[in-house]
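Next up, work_16.cif (mmCIF, C-alpha atoms):
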data_start
#
loop_
_atom_site.label_atom_id
_atom_site.label_comp_id
_atom_site.auth_asym_id
_atom_site.auth_seq_id
_atom_site.Cartn_x
_atom_site.Cartn_y
_atom_site.Cartn_z
CA GLY F 95 -63.71 -126.92 -31.45
CA GLU F 96 -60.87 -126.57 -28.98
CA ASN F 97 -58.95 -123.28 -28.74
CA VAL F 98 -55.79 -122.84 -26.69
CA GLU F 99 -54.38 -119.48 -25.64
CA GLN F 100 -50.85 -119.15 -24.30
CA HIS F 101 -49.10 -116.32 -22.43
CA PRO F 102 -46.66 -114.70 -22.45
CA SER F 103 -45.36 -114.81 -26.01
CA THR F 104 -41.82 -114.00 -24.82
CA LEU F 105 -40.20 -114.44 -21.44
CA SER F 106 -36.71 -113.42 -20.35
CA VAL F 107 -35.27 -114.57 -17.05
CA GLN F 108 -31.92 -114.62 -15.31
CA GLU F 109 -30.23 -117.97 -14.87
CA GLY F 110 -31.41 -119.54 -11.63
CA ASP F 111 -34.75 -117.74 -11.62
CA SER F 112 -38.11 -119.44 -12.17
CA ALA F 113 -40.22 -119.21 -15.32
CA VAL F 114 -43.99 -119.66 -15.56
CA ILE F 115 -46.00 -120.07 -18.75
CA LYS F 116 -49.80 -120.14 -18.69
CA CYS F 117 -52.39 -121.61 -21.04
CA THR F 118 -56.16 -121.61 -21.14
CA TYR F 119 -58.37 -123.95 -23.14
CA SER F 120 -61.98 -123.75 -24.24
CA ASP F 121 -63.28 -127.32 -24.54
CA SER F 122 -64.17 -128.81 -21.16
CA ALA F 123 -63.99 -132.29 -22.71
CA SER F 124 -60.21 -132.01 -23.16
CA ASN F 125 -58.41 -134.30 -20.74
CA TYR F 126 -54.77 -134.37 -21.85
CA PHE F 127 -52.39 -131.41 -21.62
CA PRO F 128 -48.79 -131.84 -22.83
CA TRP F 129 -45.97 -129.33 -22.98
CA TYR F 130 -43.47 -129.42 -25.82
CA LYS F 131 -40.08 -127.73 -26.10
CA GLN F 132 -38.89 -126.73 -29.55
CA GLU F 133 -35.30 -125.72 -30.20
CA LEU F 134 -34.30 -123.86 -33.32
CA GLY F 135 -34.43 -126.09 -36.38
CA LYS F 136 -35.87 -129.06 -34.52
CA GLY F 137 -39.25 -130.62 -33.99
CA PRO F 138 -41.26 -130.27 -30.77
CA GLN F 139 -40.12 -132.55 -27.96
CA LEU F 140 -42.44 -133.60 -25.14
CA ILE F 141 -41.12 -132.45 -21.77
CA ILE F 142 -44.06 -133.14 -19.47
CA ASP F 143 -47.76 -133.87 -19.66
CA ILE F 144 -50.73 -134.02 -17.33
CA ARG F 145 -54.09 -135.70 -17.50
CA SER F 146 -57.33 -134.33 -16.12
CA ASN F 147 -57.47 -136.67 -13.15
CA VAL F 148 -54.31 -135.09 -11.72
CA GLY F 149 -53.88 -131.53 -10.45
CA GLU F 150 -50.11 -131.33 -10.46
CA LYS F 151 -47.15 -133.25 -11.82
CA LYS F 152 -43.46 -132.69 -11.27
CA ASP F 153 -40.32 -133.94 -13.00
CA GLN F 154 -37.10 -132.56 -11.51
CA ARG F 155 -37.06 -128.82 -12.33
CA ILE F 156 -40.26 -128.90 -14.34
CA ALA F 157 -43.81 -128.96 -13.00
CA VAL F 158 -47.24 -128.58 -14.52
CA THR F 159 -50.44 -127.60 -12.72
CA LEU F 160 -53.99 -128.00 -13.98
CA ASN F 161 -57.16 -126.20 -12.88
CA LYS F 162 -60.04 -127.94 -14.65
CA THR F 163 -62.67 -125.64 -13.21
CA ALA F 164 -60.97 -122.56 -14.60
CA LYS F 165 -59.75 -124.44 -17.69
CA HIS F 166 -56.17 -123.37 -17.39
CA PHE F 167 -52.82 -125.07 -16.90
CA SER F 168 -49.31 -123.81 -16.31
CA LEU F 169 -45.70 -124.85 -16.80
CA HIS F 170 -43.23 -124.02 -14.06
CA ILE F 171 -39.48 -124.25 -14.60
CA THR F 172 -37.32 -123.70 -11.52
CA GLU F 173 -33.60 -122.95 -11.37
CA THR F 174 -33.53 -122.07 -15.05
CA GLN F 175 -30.41 -122.75 -17.08
CA PRO F 176 -29.25 -121.32 -20.44
CA GLU F 177 -30.08 -124.65 -22.10
CA ASP F 178 -33.73 -124.12 -21.14
CA SER F 179 -33.83 -121.35 -23.78
CA ALA F 180 -36.29 -122.47 -26.49
CA VAL F 181 -39.88 -122.06 -27.61
CA TYR F 182 -42.40 -123.83 -25.40
CA PHE F 183 -45.83 -124.93 -26.62
CA CYS F 184 -48.78 -126.05 -24.58
CA ALA F 185 -51.45 -128.23 -26.14
CA ALA F 186 -54.80 -129.75 -25.28
CA SER F 187 -56.67 -132.78 -26.59
CA LEU F 188 -59.16 -135.49 -25.84
CA ASN F 189 -57.41 -138.76 -24.98
CA THR F 190 -54.04 -137.58 -26.45
CA ASP F 191 -55.53 -137.49 -29.93
CA LYS F 192 -55.21 -134.51 -32.32
CA LEU F 193 -53.30 -131.99 -30.25
CA ILE F 194 -54.43 -128.36 -30.44
CA PHE F 195 -51.43 -126.15 -29.76
CA GLY F 196 -51.03 -122.74 -28.21
CA THR F 197 -49.11 -120.00 -29.98
CA GLY F 198 -45.85 -120.63 -28.15
CA THR F 199 -43.63 -118.83 -25.62
CA ARG F 200 -40.06 -117.92 -26.45
CA LEU F 201 -38.05 -118.35 -23.25
CA GLN F 202 -34.62 -116.75 -23.00
CA VAL F 203 -32.43 -117.53 -20.01
CA PHE F 204 -29.54 -115.12 -19.57
CA PRO F 205 -26.36 -116.28 -17.81
CA GLU A 137 -35.39 -146.47 -30.57
CA ALA A 138 -35.18 -144.46 -33.79
CA GLY A 139 -37.33 -141.36 -33.95
CA VAL A 140 -39.64 -140.06 -36.63
CA ALA A 141 -37.64 -139.55 -39.82
CA GLN A 142 -38.47 -136.87 -42.37
CA SER A 143 -37.01 -135.78 -45.68
CA PRO A 144 -36.06 -133.52 -47.24
CA ARG A 145 -35.16 -131.23 -44.36
CA TYR A 146 -35.18 -128.10 -46.52
CA LYS A 147 -36.81 -127.24 -49.82
CA ILE A 148 -37.11 -124.01 -51.79
CA ILE A 149 -39.53 -123.94 -54.72
CA GLU A 150 -41.22 -121.36 -56.86
CA LYS A 151 -44.94 -120.76 -56.54
CA ARG A 152 -47.08 -123.06 -58.66
CA GLN A 153 -44.43 -125.79 -58.50
CA SER A 154 -44.99 -129.07 -56.66
CA VAL A 155 -43.19 -130.60 -53.69
CA ALA A 156 -43.39 -133.87 -51.77
CA PHE A 157 -42.34 -134.67 -48.22
CA TRP A 158 -41.68 -138.13 -46.85
CA CYS A 159 -42.13 -139.45 -43.32
CA ASN A 160 -41.14 -142.70 -41.65
CA PRO A 161 -42.77 -143.02 -38.22
CA ILE A 162 -41.39 -144.78 -35.17
CA SER A 163 -41.52 -148.54 -35.67
CA GLY A 164 -44.81 -150.02 -34.53
CA HIS A 165 -46.66 -146.72 -34.43
CA ALA A 166 -50.07 -147.11 -36.03
CA THR A 167 -51.10 -143.45 -35.91
CA LEU A 168 -49.39 -140.85 -38.09
CA TYR A 169 -50.01 -137.11 -38.23
CA TRP A 170 -48.94 -134.28 -40.52
CA TYR A 171 -48.85 -130.82 -38.94
CA GLN A 172 -48.14 -127.46 -40.56
CA GLN A 173 -46.20 -124.92 -38.51
CA ILE A 174 -46.08 -121.39 -39.87
CA LEU A 175 -43.28 -119.23 -38.48
CA GLY A 176 -44.20 -117.86 -35.06
CA GLN A 177 -47.22 -120.11 -34.63
CA GLY A 178 -48.01 -123.44 -33.04
CA PRO A 179 -48.35 -126.57 -35.18
CA LYS A 180 -51.72 -127.07 -36.85
CA LEU A 181 -53.03 -130.53 -37.73
CA LEU A 182 -53.43 -131.22 -41.45
CA ILE A 183 -54.23 -134.92 -41.55
CA GLN A 184 -54.28 -137.99 -39.33
CA PHE A 185 -53.87 -141.63 -40.37
CA GLN A 186 -54.60 -144.79 -38.44
CA ASN A 187 -52.63 -147.54 -40.21
CA ASN A 188 -53.35 -146.79 -43.90
CA GLY A 189 -56.74 -145.14 -43.37
CA VAL A 190 -57.51 -141.45 -43.01
CA VAL A 191 -59.06 -140.58 -39.65
CA ASP A 192 -59.27 -136.81 -40.03
CA ASP A 193 -58.41 -134.58 -42.99
CA SER A 194 -60.84 -131.78 -42.23
CA GLN A 195 -58.04 -129.15 -42.07
CA LEU A 196 -56.24 -130.29 -45.23
CA PRO A 197 -56.61 -127.87 -48.20
CA LYS A 198 -57.61 -130.62 -50.57
CA ASP A 199 -57.45 -128.47 -53.69
CA ARG A 200 -53.67 -128.43 -53.43
CA PHE A 201 -52.59 -130.80 -50.64
CA SER A 202 -52.71 -134.57 -50.71
CA ALA A 203 -51.31 -137.25 -48.43
CA GLU A 204 -51.12 -141.00 -48.45
CA ARG A 205 -49.92 -143.85 -46.29
CA LEU A 206 -50.35 -146.77 -48.63
CA LYS A 207 -48.86 -149.64 -46.59
CA GLY A 208 -49.59 -148.25 -43.16
CA VAL A 209 -45.98 -147.26 -42.48
CA ASP A 210 -44.34 -144.46 -44.51
CA SER A 211 -46.34 -141.45 -45.59
CA THR A 212 -45.96 -138.73 -48.19
CA LEU A 213 -47.44 -135.24 -48.19
CA LYS A 214 -47.68 -133.46 -51.53
CA ILE A 215 -48.41 -129.86 -52.39
CA GLN A 216 -49.38 -128.98 -55.94
CA PRO A 217 -49.44 -126.18 -56.95
CA ALA A 218 -47.65 -124.41 -54.11
CA LYS A 219 -48.60 -120.91 -52.96
CA LEU A 220 -46.50 -118.37 -51.10
CA GLU A 221 -48.58 -118.94 -47.95
CA ASP A 222 -47.56 -122.60 -47.92
CA SER A 223 -44.12 -121.55 -46.64
CA ALA A 224 -43.91 -123.37 -43.32
CA VAL A 225 -42.40 -126.31 -41.51
CA TYR A 226 -44.20 -129.57 -42.16
CA LEU A 227 -43.98 -131.80 -39.12
CA CYS A 228 -44.69 -135.50 -39.14
CA ALA A 229 -45.62 -137.14 -35.84
CA SER A 230 -46.58 -140.62 -34.73
CA SER A 231 -48.03 -142.49 -31.77
CA ARG A 232 -48.70 -146.14 -30.98
CA GLN A 233 -52.46 -145.77 -31.23
CA ILE A 234 -55.02 -142.99 -31.55
CA SER A 235 -55.77 -142.61 -27.86
CA GLY A 236 -53.77 -142.77 -24.69
CA ASN A 237 -50.29 -142.56 -26.18
CA THR A 238 -47.60 -139.93 -26.43
CA ILE A 239 -47.23 -138.18 -29.78
CA TYR A 240 -43.62 -137.94 -31.02
CA PHE A 241 -42.54 -135.40 -33.65
CA GLY A 242 -39.92 -135.51 -36.34
CA GLU A 243 -37.55 -132.62 -36.98
CA GLY A 244 -39.67 -131.25 -39.79
CA SER A 245 -39.34 -130.33 -43.43
CA TRP A 246 -38.82 -126.62 -44.00
CA LEU A 247 -40.55 -125.31 -47.12
CA THR A 248 -39.96 -121.89 -48.63
CA VAL A 249 -42.11 -120.88 -51.60
CA VAL A 250 -40.76 -117.93 -53.57
#

For the file at hand, write its structure as structure tokens.
Amino acid sequence: GENVEQHPSTLSVQEGDSAVIKCTYSDSASNYFPWYKQELGKGPQLIIDIRSNVGEKKDQRIAVTLNKTAKHFSLHITETQPEDSAVYFCAASLNTDKLIFGTGTRLQVFP
Amino acid sequence: EAGVAQSPRYKIIEKRQSVAFWCNPISGHATLYWYQQILGQGPKLLIQFQNNGVVDDSQLPKDRFSAERLKGVDSTLKIQPAKLEDSAVYLCASSRQISGNTIYFGEGSWLTVV
């Protein structure tokens, strides 16, 4: 079955700096890769996703890149703000069904 | 559009007791999921429904966990008897259909077993 590894487990950045979180997956059949943000006491919220027919996708300060050959994908957050502080999860699945999640990255943005 | 609703938000029970969690998915969403999230880990799928039928329950500990979605809308997840290792957040999620649609999560039901 699918296995997703996520690094780093914690990430601290200064406000305004960029943050990068990386994930690798094992099942080459996976074709959908979402990123979720989870704030304390809340459920995961989708922030961006990418499908296997696209190499990069951007939404304002957030971008995701996908390397299908290497089976890894990354989340890039530019111009970080304190409200970006949260736990971020990557996931992989076939056709958006049954997400397999990574172990999460706790991002702290210091003012 | 209302999100995925879950209750109760918090529950503390003693081991060997039972507990039930309720979920109301987003209106019109045919697919419903229950995930278990242990502290410090990513969510893990327990069971998936399509309308009122079970699609995948391979990760559900069936000796103590059960779930149903009788009318294809609301769902309940029950644990009986609870063990200490069941302490986790139970997340309900829904999507319009099985494939090709975004999965939306509720805020979760936090369970502590003492």

**OP:** Identify which of the residues F:Pro102, F:Pro205, F:Pro138, F:Pro128 lies closest to Thr174 (chain F), counting all atoms listed in the file when measuring atom-to-atom distances.
**Re:** F:Pro205

**OP:** Output as a PyMOL selection string the set of chain A residues within 8 Å of chain F, with distances taken over all atoms listed in the file.
**Re:** chain A and resi 176-181+184+227+234-244

Subject >> Close residues, region 160-173 of chain F itself excluded, 6 Å, only C-alpha atoms, min 6 positions apart in chain, as JSON, numbers by chain >> reply: {"F": [110, 111, 112, 113, 114, 115, 116, 117, 118, 119, 149]}

Original post:
At a cut-off of 10 Å from (-41.9, -144.2, -35.9) in the coordinates of the file, what residues are picked up using all atoms listed in the file, written as a PyMOL selection string?
Top reply: chain A and resi 137-141+159-168+209-210+228-232+240-242

Original post:
Could you state the separation of CA of Ser223 (chain A) and CA of Ile149 (chain A) in Å, given to one decimal place?
Top reply: 9.6 Å

Original post:
Can you tell me how far CA of Asp192 (chain A) sits from CA of Arg205 (chain A), in Å to one decimal?
Top reply: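 Separating CA of Asp192 (chain A) from CA of Arg205 (chain A) is a distance of 13.3 Å.
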
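Rounded to one decimal, CA of Glu177 (chain F) and CA of Val203 (chain F) lie 7.8 Å from each other.
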
Run the PyMOL selection byres ((chain F and resi 105) around 6) against the file shown and list the residues it catches, as a tab-separated table (two decimals) with C-alpha atoms, in the coordinates of the input.
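Produced file out.tsv, reproduced below:
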chain	number	residue	atom	x	y	z
F	104	THR	CA	-41.82	-114.00	-24.82
F	106	SER	CA	-36.71	-113.42	-20.35
F	201	LEU	CA	-38.05	-118.35	-23.25

Might I get the box with edges along x, y and z of the file that holds all atoms of region 177-196 of chain A listed there, padded by 8 Å on every side, given as centre and edge lengths in Å to one decimal, as AutoDock Vina command-line options?
--center_x -54.0 --center_y -133.8 --center_z -39.1 --size_x 29.6 --size_y 43.4 --size_z 28.2

Subject >> Selected residue of minimal separation from Lys151 (chain A) among A:Leu247, A:Ala218, A:Leu175, A:Val190, counting all atoms listed in the file >> reply: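 With all atoms listed in the file as the atom set, the closest residue is A:Ala218.
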
Original post:
Between F:Ala157, F:Ala180, F:Lys151, F:Ala186, which has the minimum distance to Leu134 (chain F) (counting only C-alpha atoms)?
Top reply: F:Ala180

Apply the PyMOL selection byres ((chain A and resi 144-147) around 6) to the file shown and report the selected residues as an mmCIF file with C-alpha atoms, in the frame of the given file.
data_model
loop_
_atom_site.group_PDB
_atom_site.id
_atom_site.type_symbol
_atom_site.label_atom_id
_atom_site.label_comp_id
_atom_site.auth_asym_id
_atom_site.auth_seq_id
_atom_site.Cartn_x
_atom_site.Cartn_y
_atom_site.Cartn_z
ATOM 1 C CA SER A 143 -37.010 -135.780 -45.680
ATOM 2 C CA ILE A 148 -37.110 -124.010 -51.790
ATOM 3 C CA SER A 245 -39.340 -130.330 -43.430
ATOM 4 C CA TRP A 246 -38.820 -126.620 -44.000
ATOM 5 C CA LEU A 247 -40.550 -125.310 -47.120
#

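Taken over the shown file, the PyMOL selection byres ((chain A and resi 212) around 6) identifies Phe157, Trp158, Ala203, Glu204, Ser211 and Leu213 of chain A.
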
**OP:** Identify, on the basis of all atoms listed in the file, every residue whose closest approach to Ala224 (chain A) does not exceed 6 Å; exclude the query and any residue fewer than 2 positions from it along the same chain; express the result as number ranges by chain.
**Re:** A: 173-174, 222, 247

**OP:** Could you give me, as a ChimeraX atom specification, the residues that sit within 7 Å of (-25.2, -118.6, -18.5) in the file's coordinates, counting all atoms listed in the file?
**Re:** /F:109,175-176,204-205

Original post:
In terms of the shortest atom-to-atom distance over all atoms listed in the file, which of A:Gln172, A:Phe201, A:Ala156, A:Gly208 is closest to Gly189 (chain A)?
Top reply: A:Gly208
